[in-house]
>>> print(open('coords25.pdb').read())   # PDB, C-alpha atoms, pLDDT in the B column
ATOM      1  CA  MET R   1      70.399  58.187  84.791  1.00 63.00           C
ATOM      2  CA  ARG R   2      69.727  60.616  87.646  1.00 61.00           C
ATOM      3  CA  ARG R   3      72.116  58.734  89.864  1.00 66.00           C
ATOM      4  CA  LEU R   4      74.883  58.946  87.229  1.00 58.00           C
ATOM      5  CA  LEU R   5      74.305  62.686  86.785  1.00 54.00           C
ATOM      6  CA  SER R   6      74.434  63.226  90.564  1.00 61.00           C
ATOM      7  CA  CYS R   7      77.690  61.273  90.766  1.00 57.00           C
ATOM      8  CA  LEU R   8      79.242  63.326  87.962  1.00 55.00           C
ATOM      9  CA  ILE R   9      78.236  66.646  89.538  1.00 63.00           C
ATOM     10  CA  GLY R  10      79.486  65.504  92.938  1.00 57.00           C
ATOM     11  CA  SER R  11      82.813  64.400  91.450  1.00 59.00           C
ATOM     12  CA  ALA R  12      83.230  67.723  89.652  1.00 56.00           C
ATOM     13  CA  LEU R  13      82.578  69.659  92.874  1.00 51.00           C
ATOM     14  CA  LEU R  14      85.006  67.476  94.796  1.00 55.00           C
ATOM     15  CA  LEU R  15      87.663  68.064  92.151  1.00 54.00           C
ATOM     16  CA  LEU R  16      87.141  71.848  92.258  1.00 49.00           C
ATOM     17  CA  LEU R  17      87.341  71.940  96.041  1.00 53.00           C
ATOM     18  CA  SER R  18      90.554  69.927  96.046  1.00 57.00           C
ATOM     19  CA  LEU R  19      92.431  72.451  93.852  1.00 53.00           C
ATOM     20  CA  PRO R  20      95.145  74.445  95.642  1.00 54.00           C
ATOM     21  CA  GLN R  21      93.688  77.654  97.016  1.00 49.00           C
ATOM     22  CA  SER R  22      96.370  79.796  95.330  1.00 43.00           C
ATOM     23  CA  ALA R  23      95.196  78.632  91.910  1.00 43.00           C
ATOM     24  CA  VAL R  24      91.635  79.652  92.713  1.00 40.00           C
ATOM     25  CA  ALA R  25      92.426  82.884  94.593  1.00 43.00           C
ATOM     26  CA  ILE R  26      94.608  84.762  92.091  1.00 44.00           C
ATOM     27  CA  THR R  27      92.969  87.828  90.574  1.00 51.00           C
ATOM     28  CA  ALA R  28      93.438  89.795  87.378  1.00 53.00           C
ATOM     29  CA  PRO R  29      94.809  92.882  89.222  1.00 54.00           C
ATOM     30  CA  GLU R  30      97.451  90.716  90.889  1.00 51.00           C
ATOM     31  CA  LEU R  31      98.506  89.368  87.503  1.00 51.00           C
ATOM     32  CA  ARG R  32      98.689  92.887  86.040  1.00 54.00           C
ATOM     33  CA  GLY R  33     100.676  94.050  89.074  1.00 49.00           C
ATOM     34  CA  ALA R  34     103.176  91.225  88.655  1.00 53.00           C
ATOM     35  CA  LYS R  35     103.548  92.102  84.963  1.00 53.00           C
ATOM     36  CA  SER R  36     104.205  95.768  85.855  1.00 52.00           C
ATOM     37  CA  MET R  37     106.952  94.724  88.251  1.00 59.00           C
ATOM     38  CA  GLN R  38     108.847  92.846  85.515  1.00 63.00           C
ATOM     39  CA  ASP R  39     109.805  96.126  83.845  1.00 73.00           C
ATOM     40  CA  LEU R  40     110.938  97.898  87.031  1.00 85.00           C
ATOM     41  CA  SER R  41     114.367  98.638  88.382  1.00 90.00           C
ATOM     42  CA  GLN R  42     115.441 100.701  91.410  1.00 94.00           C
ATOM     43  CA  ASP R  43     116.167 103.657  89.096  1.00 94.00           C
ATOM     44  CA  MET R  44     113.114 104.665  87.060  1.00 96.00           C
ATOM     45  CA  HIS R  45     114.204 108.306  86.684  1.00 97.00           C
ATOM     46  CA  GLY R  46     112.428 110.026  83.791  1.00 98.00           C
ATOM     47  CA  ARG R  47     110.671 106.881  82.556  1.00 97.00           C
ATOM     48  CA  ASN R  48     107.193 106.752  81.039  1.00 97.00           C
ATOM     49  CA  LEU R  49     105.092 104.689  83.435  1.00 96.00           C
ATOM     50  CA  GLN R  50     101.654 105.957  82.431  1.00 97.00           C
ATOM     51  CA  GLU R  51      98.711 103.763  83.431  1.00 95.00           C
ATOM     52  CA  LYS R  52     100.842 101.183  85.271  1.00 95.00           C
ATOM     53  CA  GLU R  53      99.263  99.333  88.200  1.00 95.00           C
ATOM     54  CA  PHE R  54     101.198  98.599  91.365  1.00 96.00           C
ATOM     55  CA  LEU R  55      99.333  96.239  93.686  1.00 95.00           C
ATOM     56  CA  LYS R  56     100.834  95.486  97.098  1.00 96.00           C
ATOM     57  CA  MET R  57     104.343  96.210  95.831  1.00 96.00           C
ATOM     58  CA  ASP R  58     107.373  97.142  97.879  1.00 96.00           C
ATOM     59  CA  LEU R  59     108.892 100.159  96.116  1.00 98.00           C
ATOM     60  CA  LYS R  60     110.692 101.579  99.148  1.00 98.00           C
ATOM     61  CA  GLY R  61     113.595 103.771  98.107  1.00 98.00           C
ATOM     62  CA  TYR R  62     112.891 103.540  94.367  1.00 98.00           C
ATOM     63  CA  ASN R  63     113.829 106.532  92.189  1.00 99.00           C
ATOM     64  CA  PHE R  64     110.819 107.756  90.196  1.00 98.00           C
ATOM     65  CA  SER R  65     112.086 111.336  89.897  1.00 99.00           C
ATOM     66  CA  ASP R  66     110.820 113.185  86.804  1.00 99.00           C
ATOM     67  CA  ALA R  67     108.879 110.076  85.706  1.00 98.00           C
ATOM     68  CA  ASP R  68     105.622 110.367  83.761  1.00 99.00           C
ATOM     69  CA  MET R  69     103.219 108.518  86.043  1.00 98.00           C
ATOM     70  CA  ARG R  70      99.885 109.905  84.890  1.00 98.00           C
ATOM     71  CA  PHE R  71      96.907 107.619  85.583  1.00 98.00           C
ATOM     72  CA  VAL R  72      99.044 105.232  87.677  1.00 98.00           C
ATOM     73  CA  VAL R  73      97.304 103.071  90.289  1.00 97.00           C
ATOM     74  CA  PHE R  74      99.005 102.332  93.612  1.00 98.00           C
ATOM     75  CA  ASN R  75      96.998  99.924  95.758  1.00 97.00           C
ATOM     76  CA  ALA R  76      98.482  99.094  99.167  1.00 97.00           C
ATOM     77  CA  THR R  77     101.941  99.931  97.794  1.00 98.00           C
ATOM     78  CA  GLN R  78     104.972 100.752  99.935  1.00 98.00           C
ATOM     79  CA  LEU R  79     106.708 103.920  98.677  1.00 98.00           C
ATOM     80  CA  GLN R  80     108.524 104.967 101.839  1.00 99.00           C
ATOM     81  CA  GLU R  81     111.711 106.941 101.155  1.00 99.00           C
ATOM     82  CA  ALA R  82     111.017 106.809  97.393  1.00 99.00           C
ATOM     83  CA  ASP R  83     112.130 109.740  95.225  1.00 99.00           C
ATOM     84  CA  LEU R  84     109.138 111.092  93.297  1.00 99.00           C
ATOM     85  CA  SER R  85     110.548 114.605  92.938  1.00 99.00           C
ATOM     86  CA  GLY R  86     109.330 116.287  89.769  1.00 99.00           C
ATOM     87  CA  ALA R  87     107.195 113.276  88.858  1.00 99.00           C
ATOM     88  CA  ASP R  88     103.941 113.832  86.974  1.00 99.00           C
ATOM     89  CA  LEU R  89     101.306 111.942  88.957  1.00 99.00           C
ATOM     90  CA  ARG R  90      98.235 113.680  87.591  1.00 99.00           C
ATOM     91  CA  ASP R  91      95.067 111.600  87.957  1.00 98.00           C
ATOM     92  CA  VAL R  92      96.883 109.048  90.123  1.00 98.00           C
ATOM     93  CA  VAL R  93      94.916 106.653  92.303  1.00 98.00           C
ATOM     94  CA  ALA R  94      96.796 105.782  95.486  1.00 98.00           C
ATOM     95  CA  PHE R  95      94.695 103.732  97.871  1.00 98.00           C
ATOM     96  CA  ALA R  96      96.103 102.647 101.237  1.00 98.00           C
ATOM     97  CA  SER R  97      99.654 103.353 100.056  1.00 98.00           C
ATOM     98  CA  ARG R  98     102.544 104.694 102.120  1.00 98.00           C
ATOM     99  CA  PHE R  99     104.609 107.706 101.037  1.00 99.00           C
ATOM    100  CA  ASP R 100     106.252 108.181 104.458  1.00 98.00           C
ATOM    101  CA  GLY R 101     109.602 109.947 104.128  1.00 99.00           C
ATOM    102  CA  ALA R 102     109.292 110.114 100.329  1.00 99.00           C
ATOM    103  CA  ASN R 103     110.625 113.065  98.331  1.00 99.00           C
ATOM    104  CA  LEU R 104     107.553 114.562  96.625  1.00 99.00           C
ATOM    105  CA  SER R 105     109.058 117.991  95.967  1.00 99.00           C
ATOM    106  CA  GLN R 106     107.820 119.556  92.707  1.00 99.00           C
ATOM    107  CA  ALA R 107     105.634 116.480  92.025  1.00 99.00           C
ATOM    108  CA  ARG R 108     102.174 116.933  90.531  1.00 99.00           C
ATOM    109  CA  PHE R 109      99.216 115.131  92.088  1.00 99.00           C
ATOM    110  CA  ASP R 110      96.483 117.170  90.319  1.00 98.00           C
ATOM    111  CA  ASN R 111      93.102 115.366  90.390  1.00 98.00           C
ATOM    112  CA  GLY R 112      94.604 112.477  92.349  1.00 98.00           C
ATOM    113  CA  MET R 113      92.616 110.133  94.567  1.00 98.00           C
ATOM    114  CA  LEU R 114      94.869 109.607  97.585  1.00 98.00           C
ATOM    115  CA  LEU R 115      92.508 107.977 100.056  1.00 98.00           C
ATOM    116  CA  ARG R 116      93.796 106.051 103.076  1.00 98.00           C
ATOM    117  CA  SER R 117      97.357 106.870 102.000  1.00 98.00           C
ATOM    118  CA  ARG R 118      99.979 108.185 104.416  1.00 98.00           C
ATOM    119  CA  PHE R 119     102.511 110.969 103.860  1.00 98.00           C
ATOM    120  CA  ARG R 120     104.308 111.218 107.224  1.00 98.00           C
ATOM    121  CA  ASP R 121     107.579 113.148 106.959  1.00 98.00           C
ATOM    122  CA  ALA R 122     107.301 113.309 103.156  1.00 98.00           C
ATOM    123  CA  ARG R 123     109.005 116.320 101.518  1.00 99.00           C
ATOM    124  CA  ILE R 124     106.300 118.274  99.700  1.00 99.00           C
ATOM    125  CA  ASP R 125     108.118 121.530  98.814  1.00 99.00           C
ATOM    126  CA  GLY R 126     106.470 122.813  95.630  1.00 99.00           C
ATOM    127  CA  ALA R 127     104.226 119.771  95.175  1.00 99.00           C
ATOM    128  CA  ASP R 128     100.883 120.501  93.491  1.00 99.00           C
ATOM    129  CA  PHE R 129      97.840 118.715  94.957  1.00 99.00           C
ATOM    130  CA  SER R 130      95.208 120.779  93.071  1.00 99.00           C
ATOM    131  CA  ASP R 131      91.799 119.060  93.174  1.00 98.00           C
ATOM    132  CA  ALA R 132      93.312 115.955  94.796  1.00 98.00           C
ATOM    133  CA  VAL R 133      91.208 114.025  97.299  1.00 98.00           C
ATOM    134  CA  LEU R 134      92.929 113.184 100.596  1.00 98.00           C
ATOM    135  CA  ASP R 135      91.717 112.023 103.989  1.00 98.00           C
ATOM    136  CA  GLN R 136      91.164 114.959 106.339  1.00 97.00           C
ATOM    137  CA  PRO R 137      93.878 113.992 108.900  1.00 97.00           C
ATOM    138  CA  GLU R 138      96.499 113.667 106.135  1.00 98.00           C
ATOM    139  CA  LEU R 139      95.385 116.943 104.569  1.00 97.00           C
ATOM    140  CA  LYS R 140      95.764 118.710 107.900  1.00 98.00           C
ATOM    141  CA  ALA R 141      99.239 117.231 108.466  1.00 98.00           C
ATOM    142  CA  LEU R 142     100.361 118.184 104.944  1.00 98.00           C
ATOM    143  CA  CYS R 143      99.100 121.752 105.420  1.00 98.00           C
ATOM    144  CA  GLU R 144     101.331 122.109 108.488  1.00 98.00           C
ATOM    145  CA  ARG R 145     104.437 121.721 106.328  1.00 97.00           C
ATOM    146  CA  ALA R 146     103.246 123.006 102.944  1.00 98.00           C
ATOM    147  CA  THR R 147     105.907 125.270 101.403  1.00 98.00           C
ATOM    148  CA  GLY R 148     107.013 126.326  97.964  1.00 98.00           C
ATOM    149  CA  VAL R 149     105.492 126.839  94.544  1.00 99.00           C
ATOM    150  CA  ASN R 150     105.322 124.267  91.767  1.00 99.00           C
ATOM    151  CA  ALA R 151     107.670 125.352  88.967  1.00 98.00           C
ATOM    152  CA  VAL R 152     105.417 123.953  86.211  1.00 98.00           C
ATOM    153  CA  THR R 153     101.950 125.025  87.378  1.00 98.00           C
ATOM    154  CA  GLY R 154     102.875 128.121  89.397  1.00 98.00           C
ATOM    155  CA  VAL R 155     100.551 126.965  92.191  1.00 99.00           C
ATOM    156  CA  SER R 156     101.753 127.060  95.788  1.00 99.00           C
ATOM    157  CA  THR R 157     101.614 123.813  97.719  1.00 99.00           C
ATOM    158  CA  ALA R 158      99.489 125.426 100.442  1.00 99.00           C
ATOM    159  CA  ASP R 159      96.965 126.754  97.906  1.00 99.00           C
ATOM    160  CA  SER R 160      96.781 123.418  96.101  1.00 99.00           C
ATOM    161  CA  LEU R 161      95.944 121.712  99.416  1.00 98.00           C
ATOM    162  CA  ARG R 162      93.369 124.419 100.210  1.00 97.00           C
ATOM    163  CA  CYS R 163      95.086 125.152 103.515  1.00 97.00           C
ATOM    164  CA  GLY R 164      93.237 127.849 105.341  1.00 83.00           C
TER     165      GLY R 164
END
>>> encode(input="coords25.pdb", output="structure tokens")
Amino acid sequence: MRRLLSCLIGSALLLLLSLPQSAVAITAPELRGAKSMQDLSQDMHGRNLQEKEFLKMDLKGYNFSDADMRFVVFNATQLQEADLSGADLRDVVAFASRFDGANLSQARFDNGMLLRSRFRDARIDGADFSDAVLDQPELKALCERATGVNAVTGVSTADSLRCG
């Protein structure tokens, strides 16, 4: 009986180990990210995208202007040259995402967690980063080009970044 049980357990382990790695390695966030992508087009102007998750997505050049993106999660997402002007990104989580060259003018990032994300050459005129958390080097670089006042909140970009 013990020998039969050992053979069955060994066979089950061998079967599990022989499965394709992609079937074993897929995660729930990747599935949710793929589902989010199904509803996207290059022009998402003014759309309600609250609480969407974007995992390792290439959204370069997408138009998210004036979109409601509160509580969105960007994880390792490419947003270079994207238009996020006037977008509401309050309480956003953007981890290791790239906003290089993006238009962030008049966007709201209040209470955002923007760690390990890059903003090189992004337009931030009138963007509001009040109480957002950024890496110190990015914060310093953003302060060097902080101009304008957010039309909705009345807060200057420099004040929202706590530039000194």
>>> atom_distance(input="coords25.pdb", atom1="atom CA of R:Ser160", atom2="atom CA of R:Phe71")
19.0 Å
>>> residues_around(input="coords25.pdb", residues="R:Val152", least_positions_apart="6", cutoff="10 Å", atoms="all atoms listed in the file", output="number ranges by chain")
R: 86, 106-108, 126-128
>>> resolve_selection(input="coords25.pdb", expression="the PyMOL selection byres ((chain R and resi 116) around 12)", output="compact mmCIF listing (two decimals) with C-alpha atoms, in the coordinates of the input")
# COMPACT_ATOMS: atom_id res chain seq x y z
CA PHE R 74 99.00 102.33 93.61
CA ASN R 75 97.00 99.92 95.76
CA ALA R 76 98.48 99.09 99.17
CA THR R 77 101.94 99.93 97.79
CA VAL R 93 94.92 106.65 92.30
CA ALA R 94 96.80 105.78 95.49
CA PHE R 95 94.70 103.73 97.87
CA ALA R 96 96.10 102.65 101.24
CA SER R 97 99.65 103.35 100.06
CA ARG R 98 102.54 104.69 102.12
CA PHE R 99 104.61 107.71 101.04
CA MET R 113 92.62 110.13 94.57
CA LEU R 114 94.87 109.61 97.58
CA LEU R 115 92.51 107.98 100.06
CA SER R 117 97.36 106.87 102.00
CA ARG R 118 99.98 108.18 104.42
CA PHE R 119 102.51 110.97 103.86
CA VAL R 133 91.21 114.02 97.30
CA LEU R 134 92.93 113.18 100.60
CA ASP R 135 91.72 112.02 103.99
CA GLN R 136 91.16 114.96 106.34
CA PRO R 137 93.88 113.99 108.90
CA GLU R 138 96.50 113.67 106.14
CA LEU R 139 95.38 116.94 104.57
>>> residues_around(input="coords25.pdb", residues="stretch 43-53 of chain R", least_positions_apart="5", cutoff="6 Å", atoms="only C-alpha atoms", output="JSON, numbers by chain")
{"R": [33, 63, 64, 65, 66, 67, 68, 69, 70, 71, 72, 73]}
>>> resolve_selection(input="coords25.pdb", expression="the PyMOL selection byres ((chain R and resi 162) around 10)", output="list in words")
Phe129, Ser130, Asp131, Leu139, Lys140, Cys143, Ser156, Thr157, Ala158, Asp159, Ser160, Leu161, Cys163 and Gly164 of chain R
>>> resolve_selection(input="coords25.pdb", expression="the PyMOL selection byres ((chain R and resi 84) around 6)", output="list in words")
Phe64, Ser65, Asp83, Ser85, Ala87, Asn103 and Leu104 of chain R
>>> write_last_selection(input="coords25.pdb", atoms="C-alpha atoms", output="PDB file, in the coordinates of the input")
ATOM      1  CA  PHE R  64     110.819 107.756  90.196  1.00 98.00           C
ATOM      2  CA  SER R  65     112.086 111.336  89.897  1.00 99.00           C
ATOM      3  CA  ASP R  83     112.130 109.740  95.225  1.00 99.00           C
ATOM      4  CA  SER R  85     110.548 114.605  92.938  1.00 99.00           C
ATOM      5  CA  ALA R  87     107.195 113.276  88.858  1.00 99.00           C
ATOM      6  CA  ASN R 103     110.625 113.065  98.331  1.00 99.00           C
ATOM      7  CA  LEU R 104     107.553 114.562  96.625  1.00 99.00           C
TER       8      LEU R 104
END
